[in-house]
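A quick write-up on the structure given underneath.
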Amino acid sequence: MGTPPTLESLAMQALVRSHSVSICDTLEDVPWLLFPRLFREAYAGGHAEVLKAMVQAWPFPCLLLGAVTLSPDLEALKAALDGLDLLLAQKDRPRRWKLQVLDLRSVSSEMRAQGCPSLAGSSPPGPLSPRPPATCDARRTEERPLTIVLDLTIQDGPQGAFQAYVLRWARKRRGRVQLRCEKLQILSGCTSRVRKALRPVRLDSIQELVVDCFWRRETMKTFARQLSQMQNLRVLHFSKMSAQVYTSRALNALYSRKYAAHLGRLQCLRELHVHDVFFLHGKLPAILGSLTALKTLSLSSCPLQEDDLKFLSGCACARQLQRLRLRSVCLGRFSPEPLRALLEQAAGTLETLALEDCGLTDAQLPAILPALRQCSQLGFFSFYGNPISLGSLCTLLSHTARLARFSQGIYPPPLESFYFQDDGVLGSIHLERFLLMLGPLLQAWRASSTPSQRFQICADFCHRRRKCQMVSLGPRGSWVLTVEGLPGLSALPA
């Protein structure tokens, strides 16, 4: 037999089943500590009228509606927003009206595993820069502000019913309700769709933005104006405006100047991840010149000038970088001095360094190694895809393994283990040669490393599929070949 319900549980079940005529009066006598549990009971039972009444009488500044369940419920949302409408329609503030923020963001399963999230939240989101009141409605909002918080995803095809309802509701109540979005994901190249979705959103509330869709240059030009208004943006991921698609140098230079002017206004940026775009070429000074809080920089498959790297090595943000990735950026044709200077600037703070598939050779390595030795905080180093010889690789292994905080390194196979094509281009790995070279590599590693450090060789990789073949040393001292996903910079260990 199961545990019988307590008197408190029975009372709550009776209350949520009561008629809507008396529920508002009844809530006046409910202790405020019981509201979250009572709300969950009403939500689980689908009692829309009770939910509507509870939103009006909610005794806390914040209601985390997204914390009730993993999958959002449209009917519960409608009931909550109906309750807000009844509040907004009243001329005089009700005595128990404390609600300021309705938070619709979902709570991750990891947070749920740590315990039942509080529906009252810890505190409402921080204040934004005020807007001047332009209408009577705006003045009323100052007296009794209501804020809706929602993470948005804009994509092609049918929109989710939950998100569509919130956006439609907020558009009709602009001036009376603020819609804040801290995480925005754009997976659509349709300018009108993006503009319509963002119309009711306070752009200065957006803190994390992901743009992962093929865009025309004109689309980016239009969006750049909105982007520059995201003055509290902390994290930006942008991809898929490839120089291999947009090949006109004159047009690329014209649009790059316009984009850089807007991107340079994001002065709160702490993480910048840019992949496969044309508009960084020669524009890093305009984009990064005024950034003082940047901690993470990831540039992959982006054409750069040597002057971009020289600027980066001298800018203020280089002295506080914690994570740096340059992937498929042609560093082999540059002088190694700007990269050496960059590593020296970041040596005191750099925890993660990835120089992947950059064409770095034996010729550049002697200039880089002294700077690498100064990176006292470095815990993770990735150097795969660079053609260096067995001797240089052994030297690199011993240098990185000696770093005090070092825990993991990913390295390329030695140059001697590859087939060479007739035109001198590297071909596939010669398996027998590769196996012969594992012995000297392991000897160089063990001479400098500790048992807790991890050593991997990336034998093959595909950035498009985000997969690689890793050769790792197993627990019994034997070599193991695995197929793994290439980790994003934010997923790498520090």
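The way I read the labels, and the way they are meant: chains A, B, ... in the order of the structure tokens, residue 1 as the first residue of every chain, and ligand 1 as the first ligand shown, with later ones counted on from there.
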What are the nearest atom pairs, with distances in Å to one decimal, for all residues of range 171-282 of chain A that come at most 8 Å from range 286-299 of chain A, using only C-alpha atoms, set out by chain and rising residue number as JSON lines?
```
{"residue": "A:Ala260", "atom": "CA", "partner": "A:Ile287", "partner_atom": "CA", "distance": 5.3}
{"residue": "A:Ala261", "atom": "CA", "partner": "A:Ala286", "partner_atom": "CA", "distance": 6.8}
{"residue": "A:Leu263", "atom": "CA", "partner": "A:Ile287", "partner_atom": "CA", "distance": 5.6}
{"residue": "A:Gly264", "atom": "CA", "partner": "A:Ile287", "partner_atom": "CA", "distance": 4.2}
{"residue": "A:Arg265", "atom": "CA", "partner": "A:Ser290", "partner_atom": "CA", "distance": 7.8}
{"residue": "A:Leu266", "atom": "CA", "partner": "A:Leu291", "partner_atom": "CA", "distance": 7.6}
{"residue": "A:Gln267", "atom": "CA", "partner": "A:Leu291", "partner_atom": "CA", "distance": 5.1}
{"residue": "A:Cys268", "atom": "CA", "partner": "A:Ala293", "partner_atom": "CA", "distance": 6.3}
{"residue": "A:Leu269", "atom": "CA", "partner": "A:Leu294", "partner_atom": "CA", "distance": 5.9}
{"residue": "A:Arg270", "atom": "CA", "partner": "A:Leu294", "partner_atom": "CA", "distance": 3.9}
{"residue": "A:Glu271", "atom": "CA", "partner": "A:Thr296", "partner_atom": "CA", "distance": 4.6}
{"residue": "A:Leu272", "atom": "CA", "partner": "A:Leu297", "partner_atom": "CA", "distance": 5.1}
{"residue": "A:His273", "atom": "CA", "partner": "A:Ser298", "partner_atom": "CA", "distance": 4.6}
{"residue": "A:Val274", "atom": "CA", "partner": "A:Leu299", "partner_atom": "CA", "distance": 5.1}
{"residue": "A:His275", "atom": "CA", "partner": "A:Leu299", "partner_atom": "CA", "distance": 6.0}
```
Polymer residues at most 9 Å from Ala164 in chain A, only C-alpha atoms, same-chain spacing of 5 or more positions, as an NGL selection string = :A and (159 or 169 or 197)
Mind checking which residues fall within 7 Å of Phe60 in chain A, counting only C-alpha atoms, ignoring those fewer than 2 positions away in the same chain, and posting them as a PyMOL selection string?
-> chain A and resi 58+62+98-99+120
Output file for the selection above: N, CA and C atoms, as an mmCIF file, in the first residue's frame:
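Generated output (out_0.cif):
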```cif
data_model
loop_
_atom_site.group_PDB
_atom_site.id
_atom_site.type_symbol
_atom_site.label_atom_id
_atom_site.label_comp_id
_atom_site.auth_asym_id
_atom_site.auth_seq_id
_atom_site.Cartn_x
_atom_site.Cartn_y
_atom_site.Cartn_z
ATOM 1 N N TRP A 58 -0.617 35.959 -7.340
ATOM 2 C CA TRP A 58 0.724 35.417 -7.064
ATOM 3 C C TRP A 58 1.486 36.351 -6.118
ATOM 4 N N CYS A 62 8.281 36.996 -9.079
ATOM 5 C CA CYS A 62 8.563 36.201 -10.279
ATOM 6 C C CYS A 62 7.801 34.885 -10.242
ATOM 7 N N LYS A 98 1.854 41.281 -6.674
ATOM 8 C CA LYS A 98 3.302 41.386 -6.514
ATOM 9 C C LYS A 98 4.035 40.978 -7.797
ATOM 10 N N LEU A 99 3.334 40.298 -8.692
ATOM 11 C CA LEU A 99 3.999 39.705 -9.862
ATOM 12 C C LEU A 99 4.572 40.778 -10.785
ATOM 13 N N ALA A 120 8.893 30.338 -7.628
ATOM 14 C CA ALA A 120 8.995 31.752 -7.296
ATOM 15 C C ALA A 120 10.297 32.364 -7.772
#
```
Counting only C-alpha atoms, what is within 10 Å of Gln345 in chain A, bar same-chain residues fewer than 2 positions away, as a count of residues only?
-> 22
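Here the DSSP assignment of strand (DSSP E), based on backbone atoms, applies within range 350-398 of chain A to Thr352, Leu353, Ala354, Leu355, Glu356, Phe380, Phe381 and Ser382 of chain A.
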Selection from above, N, CA, C and O atoms, as a tab-separated table (two decimals), in the first residue's frame, can you write it?
```
chain	number	residue	atom	x	y	z
A	352	THR	N	42.59	27.46	-22.52
A	352	THR	CA	42.31	26.56	-23.64
A	352	THR	C	42.87	27.19	-24.91
A	352	THR	O	42.55	28.34	-25.22
A	353	LEU	N	43.68	26.44	-25.65
A	353	LEU	CA	44.26	26.93	-26.90
A	353	LEU	C	44.10	25.87	-27.98
A	353	LEU	O	44.51	24.73	-27.80
A	354	ALA	N	43.48	26.26	-29.11
A	354	ALA	CA	43.30	25.36	-30.24
A	354	ALA	C	43.81	26.06	-31.50
A	354	ALA	O	43.27	27.08	-31.91
A	355	LEU	N	44.86	25.51	-32.08
A	355	LEU	CA	45.40	25.98	-33.37
A	355	LEU	C	45.28	24.81	-34.33
A	355	LEU	O	46.20	23.99	-34.46
A	356	GLU	N	44.14	24.68	-34.97
A	356	GLU	CA	43.76	23.45	-35.67
A	356	GLU	C	43.69	23.66	-37.18
A	356	GLU	O	43.05	24.62	-37.65
A	380	PHE	N	44.28	22.80	-21.75
A	380	PHE	CA	43.93	22.02	-22.94
A	380	PHE	C	44.59	22.65	-24.16
A	380	PHE	O	44.57	23.87	-24.34
A	381	PHE	N	45.19	21.79	-25.01
A	381	PHE	CA	45.87	22.26	-26.22
A	381	PHE	C	45.52	21.32	-27.37
A	381	PHE	O	45.64	20.10	-27.26
A	382	SER	N	45.05	21.91	-28.48
A	382	SER	CA	44.70	21.13	-29.68
A	382	SER	C	45.48	21.68	-30.85
A	382	SER	O	45.43	22.89	-31.14
```
Could you give me, as a PDB file with C-alpha atoms, in the first residue's frame, the residues within 6 Å of Gly379 in chain A, counting only C-alpha atoms and dropping anything in the same chain fewer than 3 positions from it?
```
ATOM      1  CA  GLU A 351      43.314  28.074 -20.280  1.00  0.00           C
ATOM      2  CA  ARG A 405      48.051  22.884 -15.207  1.00  0.00           C
ATOM      3  CA  PHE A 406      48.095  20.864 -18.416  1.00  0.00           C
ATOM      4  CA  SER A 407      45.554  17.998 -18.596  1.00  0.00           C
ATOM      5  CA  ALA A 494      39.736  24.242 -19.122  1.00  0.00           C
TER       6      ALA A 494
END
```
Which polymer residues have any atom within 9 Å of an atom of Ile154 in chain A, counting only C-alpha atoms, with same-chain residues fewer than 6 positions away left out, as an NGL selection string?
-> :A and (184-188 or 193-194 or 197)
Tell me, as an NGL selection string, which residues lie within 9 Å of Glu182 in chain A, counting only C-alpha atoms; anything in the same chain fewer than 4 positions away does not count.
-> :A and (149-152 or 205-209 or 233)
